[in-house]
file protein11.cif (mmCIF, C-alpha atoms)
data_protein
#
loop_
_atom_site.label_atom_id
_atom_site.label_comp_id
_atom_site.auth_asym_id
_atom_site.auth_seq_id
_atom_site.Cartn_x
_atom_site.Cartn_y
_atom_site.Cartn_z
CA MET A 1 13.96 17.43 106.03
CA SER A 2 12.44 15.48 108.92
CA ASN A 3 10.94 17.25 111.95
CA LYS A 4 12.21 15.73 115.19
CA ASN A 5 9.19 17.09 117.10
CA ILE A 6 6.76 15.08 114.98
CA GLY A 7 6.16 11.49 116.03
CA ILE A 8 4.44 8.49 114.53
CA LYS A 9 1.32 9.22 116.61
CA ASP A 10 0.99 12.62 114.92
CA VAL A 11 1.12 10.96 111.52
CA ALA A 12 -1.51 8.42 112.60
CA VAL A 13 -3.88 11.21 113.75
CA ALA A 14 -3.36 13.22 110.54
CA ALA A 15 -3.99 10.18 108.35
CA GLY A 16 -6.89 8.88 110.45
CA VAL A 17 -5.32 5.45 110.97
CA SER A 18 -3.66 3.48 113.74
CA VAL A 19 -0.03 3.80 114.78
CA THR A 20 0.46 0.20 113.64
CA THR A 21 -0.81 1.02 110.16
CA VAL A 22 1.59 3.97 109.91
CA SER A 23 4.47 1.76 111.00
CA HIS A 24 3.59 -0.92 108.47
CA VAL A 25 3.29 1.58 105.63
CA LEU A 26 6.47 3.54 106.35
CA ASN A 27 8.49 0.38 106.94
CA ASP A 28 7.05 -1.31 103.84
CA VAL A 29 5.93 -4.40 105.75
CA SER A 30 5.23 -6.96 103.02
CA TYR A 31 2.57 -8.97 104.86
CA ALA A 32 0.44 -5.97 105.93
CA ARG A 33 -2.93 -5.90 104.14
CA ILE A 34 -3.35 -2.16 103.59
CA SER A 35 -5.14 -0.58 100.64
CA THR A 36 -3.28 1.56 98.12
CA GLU A 37 -5.43 4.55 99.09
CA THR A 38 -4.52 4.20 102.78
CA ARG A 39 -0.82 3.81 102.00
CA ALA A 40 -0.93 6.98 99.91
CA ARG A 41 -2.74 8.88 102.69
CA VAL A 42 -0.20 7.83 105.31
CA LYS A 43 2.78 8.75 103.12
CA SER A 44 1.18 12.10 102.27
CA ALA A 45 0.56 12.87 105.95
CA ALA A 46 4.13 11.93 106.86
CA ALA A 47 5.50 14.15 104.09
CA GLN A 48 3.30 17.13 105.04
CA LEU A 49 4.26 16.88 108.72
CA GLY A 50 7.94 16.38 107.93
CA TYR A 51 8.04 13.06 109.77
CA GLY A 52 11.11 10.90 109.22
CA PRO A 53 11.66 7.47 110.76
CA ASN A 54 14.19 7.20 113.57
CA ARG A 55 17.04 5.33 111.90
CA LEU A 56 18.62 4.28 115.18
CA ALA A 57 15.35 2.86 116.43
CA GLN A 58 14.81 1.10 113.12
CA ALA A 59 18.28 -0.42 113.26
CA LEU A 60 17.70 -1.72 116.78
CA ARG A 61 14.35 -3.20 115.82
CA THR A 62 15.29 -4.71 112.44
CA GLN A 63 19.00 -5.33 113.09
CA ARG A 64 19.67 -3.42 109.85
CA THR A 65 21.68 -0.23 109.38
CA GLY A 66 20.35 0.85 105.99
CA LEU A 67 23.89 0.86 104.60
CA LEU A 68 25.04 -1.01 101.47
CA GLY A 69 28.67 -1.49 100.49
CA LEU A 70 30.01 -1.29 96.92
CA VAL A 71 33.50 -2.59 96.11
CA SER A 72 34.48 -1.18 92.71
CA GLU A 73 37.74 -1.59 90.79
CA ASP A 74 39.74 1.42 89.62
CA ILE A 75 36.81 3.83 89.72
CA ALA A 76 38.89 6.75 88.43
CA THR A 77 39.93 4.89 85.27
CA MET A 78 36.65 3.14 84.44
CA PRO A 79 34.69 4.98 81.74
CA HIS A 80 31.45 3.38 82.92
CA ALA A 81 31.98 3.20 86.70
CA GLY A 82 29.90 6.30 87.22
CA ARG A 83 26.90 4.70 85.49
CA ILE A 84 27.08 1.59 87.69
CA ILE A 85 27.39 3.73 90.80
CA LEU A 86 24.58 6.04 89.72
CA GLY A 87 22.24 3.12 89.06
CA ALA A 88 23.12 1.55 92.40
CA ASP A 89 22.75 4.82 94.31
CA ASP A 90 19.41 5.70 92.71
CA ALA A 91 18.02 2.25 93.51
CA ALA A 92 19.35 2.39 97.08
CA ARG A 93 17.91 5.84 97.81
CA ALA A 94 14.54 4.85 96.39
CA ARG A 95 14.38 2.11 99.02
CA GLY A 96 15.71 4.23 101.91
CA TYR A 97 19.27 2.84 101.88
CA ASN A 98 22.63 4.60 101.54
CA LEU A 99 25.64 3.45 99.54
CA MET A 100 29.20 3.26 100.89
CA ILE A 101 31.91 2.85 98.22
CA VAL A 102 35.35 1.27 98.54
CA ASN A 103 37.76 1.51 95.61
CA THR A 104 40.11 -1.37 94.92
CA SER A 105 42.51 -2.21 92.09
CA ILE A 106 42.39 -4.92 89.46
CA SER A 107 45.91 -5.87 90.61
CA ALA A 108 44.97 -6.02 94.30
CA SER A 109 46.04 -9.16 96.17
CA PRO A 110 43.45 -11.55 97.65
CA GLY A 111 44.43 -10.27 101.10
CA SER A 112 43.79 -6.69 100.07
CA ARG A 113 40.40 -7.59 98.60
CA ASN A 114 39.44 -9.36 101.83
CA ALA A 115 40.48 -6.24 103.74
CA ASP A 116 38.25 -4.07 101.53
CA VAL A 117 35.25 -6.27 102.29
CA GLU A 118 36.17 -6.39 105.97
CA ALA A 119 36.22 -2.59 106.10
CA LEU A 120 32.59 -2.59 104.96
CA LEU A 121 31.60 -5.38 107.33
CA GLU A 122 33.09 -3.42 110.25
CA ARG A 123 30.68 -0.62 109.39
CA ARG A 124 27.83 -3.12 109.59
CA VAL A 125 26.61 -2.85 106.02
CA ASP A 126 23.48 -4.88 105.35
CA GLY A 127 24.79 -6.19 102.02
CA ILE A 128 27.61 -5.80 99.51
CA LEU A 129 27.81 -5.19 95.76
CA CYS A 130 31.02 -6.06 93.94
CA ALA A 131 31.70 -4.45 90.53
CA PRO A 132 34.97 -5.33 88.75
CA LYS A 133 36.52 -3.22 86.01
CA TYR A 134 35.15 -5.33 83.18
CA HIS A 135 32.98 -8.41 82.63
CA ARG A 136 34.93 -11.44 83.80
CA ILE A 137 34.96 -14.52 86.00
CA LEU A 138 35.90 -13.34 89.48
CA ASP A 139 37.59 -15.09 92.40
CA VAL A 140 35.52 -13.43 95.09
CA PRO A 141 36.93 -12.59 98.55
CA GLY A 142 36.27 -15.38 101.02
CA ASN A 143 34.42 -13.09 103.43
CA LEU A 144 32.05 -11.68 100.79
CA GLY A 145 29.31 -14.17 101.69
CA THR A 146 29.16 -13.00 105.31
CA VAL A 147 26.23 -10.76 104.34
CA PRO A 148 23.99 -10.85 101.26
CA ALA A 149 26.05 -10.06 98.15
CA VAL A 150 25.53 -9.50 94.41
CA LEU A 151 28.15 -9.25 91.65
CA VAL A 152 27.79 -6.54 88.99
CA ASN A 153 29.36 -7.17 85.57
CA ALA A 154 30.96 -10.44 86.71
CA VAL A 155 30.27 -14.03 87.74
CA SER A 156 32.01 -15.86 90.56
CA SER A 157 34.36 -18.69 89.70
CA GLY A 158 32.22 -21.11 91.68
CA SER A 159 28.85 -19.65 90.62
CA SER A 160 28.19 -19.16 94.32
CA ILE A 161 27.17 -15.48 94.27
CA ALA A 162 24.14 -13.98 92.51
CA ALA A 163 25.25 -11.86 89.54
CA VAL A 164 24.08 -9.59 86.75
CA VAL A 165 25.99 -9.32 83.45
CA PRO A 166 25.52 -7.76 80.01
CA ASP A 167 24.29 -9.91 77.11
CA GLU A 168 27.59 -9.91 75.20
CA GLU A 169 26.39 -12.43 72.63
CA GLY A 170 23.05 -10.72 72.14
CA GLY A 171 24.73 -7.33 71.80
CA ALA A 172 26.99 -8.69 69.06
CA LYS A 173 23.96 -10.12 67.27
CA THR A 174 22.30 -6.69 67.45
CA ALA A 175 25.39 -5.04 65.94
CA VAL A 176 25.76 -7.53 63.09
CA THR A 177 22.02 -7.45 62.41
CA ALA A 178 22.26 -3.68 61.89
CA LEU A 179 24.88 -4.26 59.18
CA LEU A 180 22.86 -7.07 57.58
CA ALA A 181 19.74 -4.90 57.57
CA ALA A 182 21.66 -2.22 55.68
CA GLY A 183 22.44 -4.80 52.97
CA HIS A 184 25.98 -5.88 53.88
CA THR A 185 27.01 -9.48 53.19
CA ARG A 186 30.79 -9.10 53.63
CA ILE A 187 31.13 -8.32 57.32
CA GLY A 188 34.30 -8.50 59.43
CA PHE A 189 34.95 -8.43 63.18
CA LEU A 190 37.75 -6.64 65.04
CA ASN A 191 38.00 -8.54 68.33
CA SER A 192 40.03 -8.03 71.50
CA THR A 193 43.07 -10.22 72.19
CA ASP A 194 41.78 -10.74 75.76
CA ASP A 195 40.49 -14.26 76.37
CA ALA A 196 37.50 -13.38 78.54
CA PRO A 197 33.70 -13.79 78.60
CA PHE A 198 33.18 -10.54 76.70
CA SER A 199 35.47 -11.36 73.76
CA ARG A 200 34.24 -14.95 73.48
CA GLY A 201 30.60 -13.91 73.72
CA ARG A 202 30.91 -11.20 71.09
CA LEU A 203 32.76 -13.52 68.70
CA ARG A 204 30.10 -16.20 69.15
CA GLY A 205 27.30 -13.69 68.55
CA PHE A 206 29.06 -12.40 65.42
CA ALA A 207 29.50 -15.84 63.85
CA ASP A 208 26.07 -17.18 64.84
CA THR A 209 24.28 -14.17 63.36
CA LEU A 210 26.04 -14.65 60.03
CA TRP A 211 25.17 -18.36 60.00
CA GLU A 212 21.53 -17.53 60.76
CA ALA A 213 21.53 -15.10 57.81
CA GLY A 214 22.76 -17.84 55.45
CA LEU A 215 26.36 -16.58 55.39
CA ASP A 216 29.50 -18.49 56.38
CA GLY A 217 30.19 -17.43 59.94
CA GLY A 218 33.21 -19.72 60.07
CA THR A 219 35.21 -18.01 57.32
CA ALA A 220 34.12 -14.39 57.90
CA PRO A 221 37.20 -12.20 58.43
CA VAL A 222 38.27 -11.69 62.06
CA GLN A 223 41.29 -9.67 63.16
CA THR A 224 42.36 -9.26 66.78
CA GLY A 225 44.30 -6.61 68.64
CA PRO A 226 44.57 -4.83 71.97
CA ALA A 227 41.21 -3.26 72.82
CA GLU A 228 42.50 0.27 72.30
CA VAL A 229 42.58 2.81 69.44
CA GLN A 230 45.97 1.64 68.15
CA GLY A 231 44.90 -2.00 68.30
CA GLY A 232 41.77 -1.22 66.30
CA TYR A 233 43.75 0.80 63.76
CA GLU A 234 46.27 -1.99 63.13
CA ALA A 235 43.61 -4.73 63.01
CA ALA A 236 41.45 -2.69 60.63
CA LEU A 237 44.39 -2.00 58.32
CA ARG A 238 45.05 -5.74 58.04
CA MET A 239 41.39 -6.39 57.34
CA LEU A 240 41.06 -3.65 54.74
CA GLN A 241 44.10 -4.99 52.87
CA LEU A 242 42.45 -8.37 52.25
CA THR A 243 41.81 -9.35 48.62
CA LYS A 244 38.06 -8.92 49.21
CA PRO A 245 37.80 -6.58 52.19
CA PRO A 246 34.48 -6.35 54.05
CA THR A 247 32.05 -3.52 53.42
CA GLY A 248 30.93 -3.57 57.06
CA ILE A 249 32.99 -3.99 60.23
CA PHE A 250 31.78 -4.80 63.74
CA CYS A 251 34.29 -3.68 66.38
CA TYR A 252 34.78 -5.19 69.82
CA ASN A 253 34.54 -1.75 71.41
CA ASP A 254 34.30 1.94 70.54
CA ARG A 255 38.02 2.52 71.02
CA MET A 256 38.84 -0.10 68.38
CA ALA A 257 36.16 1.47 66.17
CA MET A 258 37.92 4.82 66.55
CA GLY A 259 41.10 3.15 65.27
CA ALA A 260 39.12 1.66 62.38
CA TYR A 261 37.96 5.17 61.41
CA ARG A 262 41.62 6.21 61.19
CA ALA A 263 42.53 3.14 59.10
CA ALA A 264 39.62 3.78 56.72
CA ALA A 265 40.71 7.38 56.21
CA GLU A 266 44.29 6.28 55.60
CA VAL A 267 43.28 3.98 52.73
CA GLY A 268 40.87 6.52 51.27
CA LEU A 269 37.55 5.04 52.40
CA SER A 270 34.62 7.22 53.38
CA ILE A 271 32.27 6.23 56.24
CA PRO A 272 29.55 5.11 55.61
CA ALA A 273 29.65 5.49 51.79
CA ASP A 274 32.51 3.01 51.35
CA LEU A 275 32.63 1.29 54.74
CA SER A 276 30.09 0.89 57.56
CA ILE A 277 31.27 0.48 61.16
CA VAL A 278 29.46 -0.56 64.35
CA GLY A 279 31.06 -0.36 67.80
CA PHE A 280 30.25 -1.70 71.26
CA ASP A 281 30.05 0.10 74.66
CA ASP A 282 28.55 3.48 73.66
CA GLN A 283 31.35 5.48 75.24
CA GLU A 284 29.80 8.89 74.82
CA LEU A 285 33.07 10.83 74.49
CA ILE A 286 34.03 8.59 71.56
CA ALA A 287 30.85 7.39 69.88
CA GLY A 288 29.08 10.74 69.94
CA ASN A 289 32.09 12.75 68.81
CA LEU A 290 33.43 10.75 65.90
CA TYR A 291 32.40 11.99 62.46
CA PRO A 292 30.09 10.58 61.40
CA GLY A 293 28.73 9.58 64.80
CA LEU A 294 29.37 5.92 65.62
CA THR A 295 26.46 3.48 65.62
CA THR A 296 27.18 1.25 68.59
CA VAL A 297 25.76 -1.14 71.17
CA ALA A 298 25.29 0.22 74.69
CA LEU A 299 26.38 -1.70 77.76
CA PRO A 300 23.65 -1.52 80.45
CA HIS A 301 25.88 -0.25 83.29
CA TYR A 302 23.20 1.89 84.94
CA GLU A 303 20.64 -0.90 84.64
CA MET A 304 23.05 -3.49 86.09
CA GLY A 305 23.80 -1.25 89.08
CA ALA A 306 20.10 -0.64 89.69
CA TRP A 307 19.09 -4.30 89.24
CA ALA A 308 21.83 -5.56 91.54
CA THR A 309 20.93 -3.07 94.26
CA GLY A 310 17.21 -3.73 94.09
CA THR A 311 17.82 -7.48 94.23
CA LEU A 312 20.26 -7.10 97.13
CA ILE A 313 17.74 -5.05 99.12
CA ASP A 314 15.01 -7.60 98.37
CA ALA A 315 17.29 -10.31 99.81
CA ILE A 316 18.07 -8.22 102.88
CA GLU A 317 14.36 -7.70 103.47
CA GLY A 318 13.53 -11.37 102.92
CA LYS A 319 11.84 -10.87 99.54
CA ALA A 320 14.42 -12.63 97.32
CA ASN A 321 16.49 -15.80 97.48
CA LEU A 322 20.04 -15.04 96.34
CA ALA A 323 21.07 -18.69 96.57
CA GLY A 324 18.43 -19.55 93.99
CA LEU A 325 19.75 -16.85 91.65
CA ALA A 326 23.43 -17.74 92.04
CA PRO A 327 23.77 -20.69 89.60
CA HIS A 328 22.68 -18.62 86.59
CA PRO A 329 23.56 -14.91 86.21
CA THR A 330 20.84 -12.48 85.21
CA VAL A 331 21.57 -11.20 81.70
CA LEU A 332 20.54 -7.68 80.62
CA ASP A 333 20.03 -6.49 77.03
CA CYS A 334 22.57 -4.34 75.18
CA PRO A 335 20.52 -1.99 72.94
CA LEU A 336 21.65 -0.46 69.65
CA VAL A 337 22.37 3.28 69.60
CA THR A 338 21.98 4.44 65.99
CA ARG A 339 24.12 7.29 64.70
CA GLY A 340 25.63 7.85 61.24
CA SER A 341 28.27 5.19 60.62
CA VAL A 342 26.08 2.59 58.87
CA GLY A 343 24.80 2.85 55.31
CA PRO A 344 24.19 0.52 52.37
CA PRO A 345 27.20 -1.25 50.84
CA PRO A 346 28.90 0.49 47.92
CA ASP A 347 28.31 -0.51 44.31
CA PRO A 348 30.72 -3.40 43.58
CA ALA A 349 31.54 -1.79 40.24
CA THR A 350 32.72 1.42 41.92
CA PRO A 351 36.40 1.53 42.99
CA ARG A 352 36.88 1.81 46.78
CA GLY A 353 39.69 3.83 48.31
CA ASN A 354 43.36 3.53 47.37
CA PHE A 355 43.18 -0.10 46.22
#

call {"tool": "encode", "arguments": {"input": "protein11.cif", "output": "structure tokens"}}
result
Amino acid sequence: MSNKNIGIKDVAVAAGVSVTTVSHVLNDVSYARISTETRARVKSAAAQLGYGPNRLAQALRTQRTGLLGLVSEDIATMPHAGRIILGADDAARARGYNLMIVNTSISASPGSRNADVEALLERRVDGILCAPKYHRILDVPGNLGTVPAVLVNAVSSGSSIAAVVPDEEGGAKTAVTALLAAGHTRIGFLNSTDDAPFSRGRLRGFADTLWEAGLDGGTAPVQTGPAEVQGGYEAALRMLQLTKPPTGIFCYNDRMAMGAYRAAAEVGLSIPADLSIVGFDDQELIAGNLYPGLTTVALPHYEMGAWATGTLIDAIEGKANLAGLAPHPTVLDCPLVTRGSVGPPPDPATPRGNF
């Protein structure tokens, strides 16, 4: 907690430096040529004395409030919203900023979305983050560009706003590679019926990885369904009833994978002895609690929130050019989380399930 009776002059005396040096260190002035040792000494003195900068004075001097706005869709229903918010909040606090959150709905009208942004602008936020419910192309509110802005998990329809998105294609390649590495050559894909960047990217990554492995990515079995447990169950049943069903299945998300587990059990297949399954999302309540645990690809929600916030603050402080970043979104890796749902393919001579 800061001590209101301690001033910047007291910190300067304790650290043995000038008031200007203290100001430059505590305000992270980029052009100040101050040694690492001196910076550490000033910060240590400020911490020991309980000195905290006067936010009102800072705002008057820099014309910044230290507030960032985050417009997020359907926070209560998003399984990963908390990770985006946590990443954004951690990054903001590390730089001395605070986060103000406004919740909107995926079905909100353009007027309502403009009003959400306006509510943040009225509170004089220094910049705005916008995080939709899922990765998609977004028609951004017209007033979003009034202050520096970054999209999280989306790109703008006109590529006019800097953005960070998950590597959907790369994540799919990681998932399929895990099945290939286990020895599978008959691999199927349960995809979402949604025509969006995530479903197209994951399908492309699936097919390309098979082609690169010398397999026919064009004829590999693909079934689609709603991206829910029931959709995965029905799509998996259709796939498992093929004349030569796959021995490994990559699922669009963990909910569809959960449905695939049910379908496998219904036709008498054991996971992973008879069938290997890989999901996408790493929804902890699903992936970690299925039996066996689901090997899956994690979406980098925390990392996207942190990257977007750090980049936004850099732009606010004149250290980054958002216009230069806008034409091409920054893409973050989707790592594999290994659990127990992948094993070697079964012996072709051994009967599988109730076939």

call {"tool": "closest_residue", "arguments": {"input": "protein11.cif", "among": "A:Ala315, A:Leu325, A:Cys251, A:Val278", "to": "Thr296 in chain A", "atoms": "all atoms listed in the file"}}
result
A:Val278

call {"tool": "residues_around", "arguments": {"input": "protein11.cif", "residues": "Leu151 in chain A", "least_positions_apart": "4", "cutoff": "9 Å", "atoms": "only C-alpha atoms", "output": "PyMOL selection string"}}
result
chain A and resi 128-132+155-156+161-165+308

call {"tool": "write_last_selection", "arguments": {"input": "protein11.cif", "atoms": "C-alpha atoms", "output": "PDB file, in the coordinates of the input"}}
result
ATOM      1  CA  ILE A 128      27.610  -5.800  99.510  1.00  0.00           C
ATOM      2  CA  LEU A 129      27.810  -5.190  95.760  1.00  0.00           C
ATOM      3  CA  CYS A 130      31.020  -6.060  93.940  1.00  0.00           C
ATOM      4  CA  ALA A 131      31.700  -4.450  90.530  1.00  0.00           C
ATOM      5  CA  PRO A 132      34.970  -5.330  88.750  1.00  0.00           C
ATOM      6  CA  VAL A 155      30.270 -14.030  87.740  1.00  0.00           C
ATOM      7  CA  SER A 156      32.010 -15.860  90.560  1.00  0.00           C
ATOM      8  CA  ILE A 161      27.170 -15.480  94.270  1.00  0.00           C
ATOM      9  CA  ALA A 162      24.140 -13.980  92.510  1.00  0.00           C
ATOM     10  CA  ALA A 163      25.250 -11.860  89.540  1.00  0.00           C
ATOM     11  CA  VAL A 164      24.080  -9.590  86.750  1.00  0.00           C
ATOM     12  CA  VAL A 165      25.990  -9.320  83.450  1.00  0.00           C
ATOM     13  CA  ALA A 308      21.830  -5.560  91.540  1.00  0.00           C
TER      14      ALA A 308
END

call {"tool": "residues_around", "arguments": {"input": "protein11.cif", "residues": "Cys334 in chain A", "least_positions_apart": "2", "cutoff": "12 Å", "atoms": "only C-alpha atoms", "output": "list in words"}}
result
Val165, Pro166, Asp167, Glu168, Glu169, Gly170, Gly171, Ala172, Lys173, Thr174, Ala175, Arg202, Gly279, Phe280, Asp281, Asp282, Thr296, Val297, Ala298, Leu299, Pro300, His301, Tyr302, Glu303, Met304, Val331, Leu332, Leu336 and Val337 of chain A

call {"tool": "resolve_selection", "arguments": {"input": "protein11.cif", "expression": "the PyMOL selection byres ((chain A and resi 208-211) around 9)", "output": "compact mmCIF listing (two decimals) with C-alpha atoms, in the frame of the given file"}}
result
# COMPACT_ATOMS: atom_id res chain seq x y z
CA ALA A 172 26.99 -8.69 69.06
CA LYS A 173 23.96 -10.12 67.27
CA THR A 174 22.30 -6.69 67.45
CA VAL A 176 25.76 -7.53 63.09
CA THR A 177 22.02 -7.45 62.41
CA LEU A 180 22.86 -7.07 57.58
CA THR A 185 27.01 -9.48 53.19
CA ILE A 187 31.13 -8.32 57.32
CA LEU A 203 32.76 -13.52 68.70
CA ARG A 204 30.10 -16.20 69.15
CA GLY A 205 27.30 -13.69 68.55
CA PHE A 206 29.06 -12.40 65.42
CA ALA A 207 29.50 -15.84 63.85
CA GLU A 212 21.53 -17.53 60.76
CA ALA A 213 21.53 -15.10 57.81
CA GLY A 214 22.76 -17.84 55.45
CA LEU A 215 26.36 -16.58 55.39
CA ASP A 216 29.50 -18.49 56.38
CA GLY A 217 30.19 -17.43 59.94
CA GLY A 218 33.21 -19.72 60.07
CA ALA A 220 34.12 -14.39 57.90

call {"tool": "residues_around", "arguments": {"input": "protein11.cif", "residues": "Val17 in chain A", "least_positions_apart": "6", "cutoff": "10 Å", "atoms": "only C-alpha atoms", "output": "list in words"}}
result
Lys9, Val11, Thr38, Arg41 and Val42 of chain A

call {"tool": "residues_around", "arguments": {"input": "protein11.cif", "residues": "Arg95 in chain A", "least_positions_apart": "5", "cutoff": "10 Å", "atoms": "only C-alpha atoms", "output": "number ranges by chain"}}
result
A: 28, 66, 89-90, 309-310, 313-314

call {"tool": "closest_residue", "arguments": {"input": "protein11.cif", "among": "A:Leu99, A:Ala257, A:Leu49, A:Ala326", "to": "Ile277 in chain A", "atoms": "all atoms listed in the file"}}
result
A:Ala257

call {"tool": "atom_distance", "arguments": {"input": "protein11.cif", "atom1": "CA of Ser112 in chain A", "atom2": "CA of Gly82 in chain A"}}
result
23.0 Å

call {"tool": "axis_aligned_box", "arguments": {"input": "protein11.cif", "around": "range 169-188 of chain A", "padding_each_side": "5 Å", "output": "AutoDock Vina command-line options"}}
result
--center_x 27.0 --center_y -7.3 --center_z 62.8 --size_x 24.6 --size_y 20.2 --size_z 29.7

call {"tool": "closest_residue", "arguments": {"input": "protein11.cif", "among": "A:Asp194, A:Glu73, A:Asp333, A:Glu317", "to": "Tyr97 in chain A", "atoms": "all atoms listed in the file"}}
result
A:Glu317

call {"tool": "atom_distance", "arguments": {"input": "protein11.cif", "atom1": "CA of Ala115 in chain A", "atom2": "CA of Ser157 in chain A"}}
result
19.7 Å

call {"tool": "closest_residue", "arguments": {"input": "protein11.cif", "among": "A:Val125, A:Val140, A:Val152, A:Ala181", "to": "Gly87 in chain A", "atoms": "only C-alpha atoms"}}
result
A:Val152

call {"tool": "residues_around", "arguments": {"input": "protein11.cif", "residues": "Asn114 in chain A", "least_positions_apart": "5", "cutoff": "9 Å", "atoms": "only C-alpha atoms", "output": "list in words"}}
result
Ser109, Ala119, Val140, Pro141, Gly142, Asn143 and Leu144 of chain A

call {"tool": "residues_near_point", "arguments": {"input": "protein11.cif", "point": "(39.9, -3.9, 56.1)", "cutoff": "10 Å", "atoms": "all atoms listed in the file", "output": "JSON list (two decimals) with C-alpha atoms, in the frame of the given file"}}
result
[["chain", "number", "residue", "atom", "x", "y", "z"],
["A", 187, "ILE", "CA", 31.13, -8.32, 57.32],
["A", 188, "GLY", "CA", 34.30, -8.50, 59.43],
["A", 189, "PHE", "CA", 34.95, -8.43, 63.18],
["A", 190, "LEU", "CA", 37.75, -6.64, 65.04],
["A", 221, "PRO", "CA", 37.20, -12.20, 58.43],
["A", 222, "VAL", "CA", 38.27, -11.69, 62.06],
["A", 223, "GLN", "CA", 41.29, -9.67, 63.16],
["A", 233, "TYR", "CA", 43.75, 0.80, 63.76],
["A", 234, "GLU", "CA", 46.27, -1.99, 63.13],
["A", 235, "ALA", "CA", 43.61, -4.73, 63.01],
["A", 236, "ALA", "CA", 41.45, -2.69, 60.63],
["A", 237, "LEU", "CA", 44.39, -2.00, 58.32],
["A", 238, "ARG", "CA", 45.05, -5.74, 58.04],
["A", 239, "MET", "CA", 41.39, -6.39, 57.34],
["A", 240, "LEU", "CA", 41.06, -3.65, 54.74],
["A", 241, "GLN", "CA", 44.10, -4.99, 52.87],
["A", 242, "LEU", "CA", 42.45, -8.37, 52.25],
["A", 243, "THR", "CA", 41.81, -9.35, 48.62],
["A", 244, "LYS", "CA", 38.06, -8.92, 49.21],
["A", 245, "PRO", "CA", 37.80, -6.58, 52.19],
["A", 246, "PRO", "CA", 34.48, -6.35, 54.05],
["A", 247, "THR", "CA", 32.05, -3.52, 53.42],
["A", 248, "GLY", "CA", 30.93, -3.57, 57.06],
["A", 249, "ILE", "CA", 32.99, -3.99, 60.23],
["A", 260, "ALA", "CA", 39.12, 1.66, 62.38],
["A", 263, "ALA", "CA", 42.53, 3.14, 59.10],
["A", 264, "ALA", "CA", 39.62, 3.78, 56.72],
["A", 267, "VAL", "CA", 43.28, 3.98, 52.73],
["A", 269, "LEU", "CA", 37.55, 5.04, 52.40],
["A", 275, "LEU", "CA", 32.63, 1.29, 54.74]]

call {"tool": "closest_residue", "arguments": {"input": "protein11.cif", "among": "A:Gly343, A:Ser35, A:Ala45, A:Pro292", "to": "Asp10 in chain A", "atoms": "only C-alpha atoms"}}
result
A:Ala45

call {"tool": "resolve_selection", "arguments": {"input": "protein11.cif", "expression": "the PyMOL selection byres ((chain A and resi 339) around 7)", "output": "count of residues only"}}
result
7

call {"tool": "atom_distance", "arguments": {"input": "protein11.cif", "atom1": "CA of Asn27 in chain A", "atom2": "CA of Val150 in chain A"}}
result
23.3 Å

call {"tool": "decode", "arguments": {"input": "protein11.cif", "residues": "range 29-49 of chain A", "atoms": "C-alpha atoms", "output": "compact mmCIF listing (two decimals), in the first residue's frame"}}
result
# COMPACT_ATOMS: atom_id res chain seq x y z
CA VAL A 29 10.43 6.46 -19.77
CA SER A 30 11.78 4.60 -22.80
CA TYR A 31 14.38 7.17 -23.87
CA ALA A 32 16.00 7.59 -20.41
CA ARG A 33 19.54 6.18 -20.33
CA ILE A 34 19.60 4.69 -16.83
CA SER A 35 21.57 1.60 -15.81
CA THR A 36 19.84 -1.57 -14.69
CA GLU A 37 21.48 -1.24 -11.26
CA THR A 38 20.14 2.29 -10.78
CA ARG A 39 16.65 1.29 -11.90
CA ALA A 40 16.66 -1.56 -9.39
CA ARG A 41 17.87 0.77 -6.60
CA VAL A 42 15.13 3.31 -7.30
CA LYS A 43 12.38 0.67 -7.41
CA SER A 44 13.69 -0.90 -4.20
CA ALA A 45 13.72 2.47 -2.43
CA ALA A 46 10.19 3.25 -3.61
CA ALA A 47 8.96 -0.13 -2.40
CA GLN A 48 10.66 0.18 1.01
CA LEU A 49 9.26 3.68 1.58
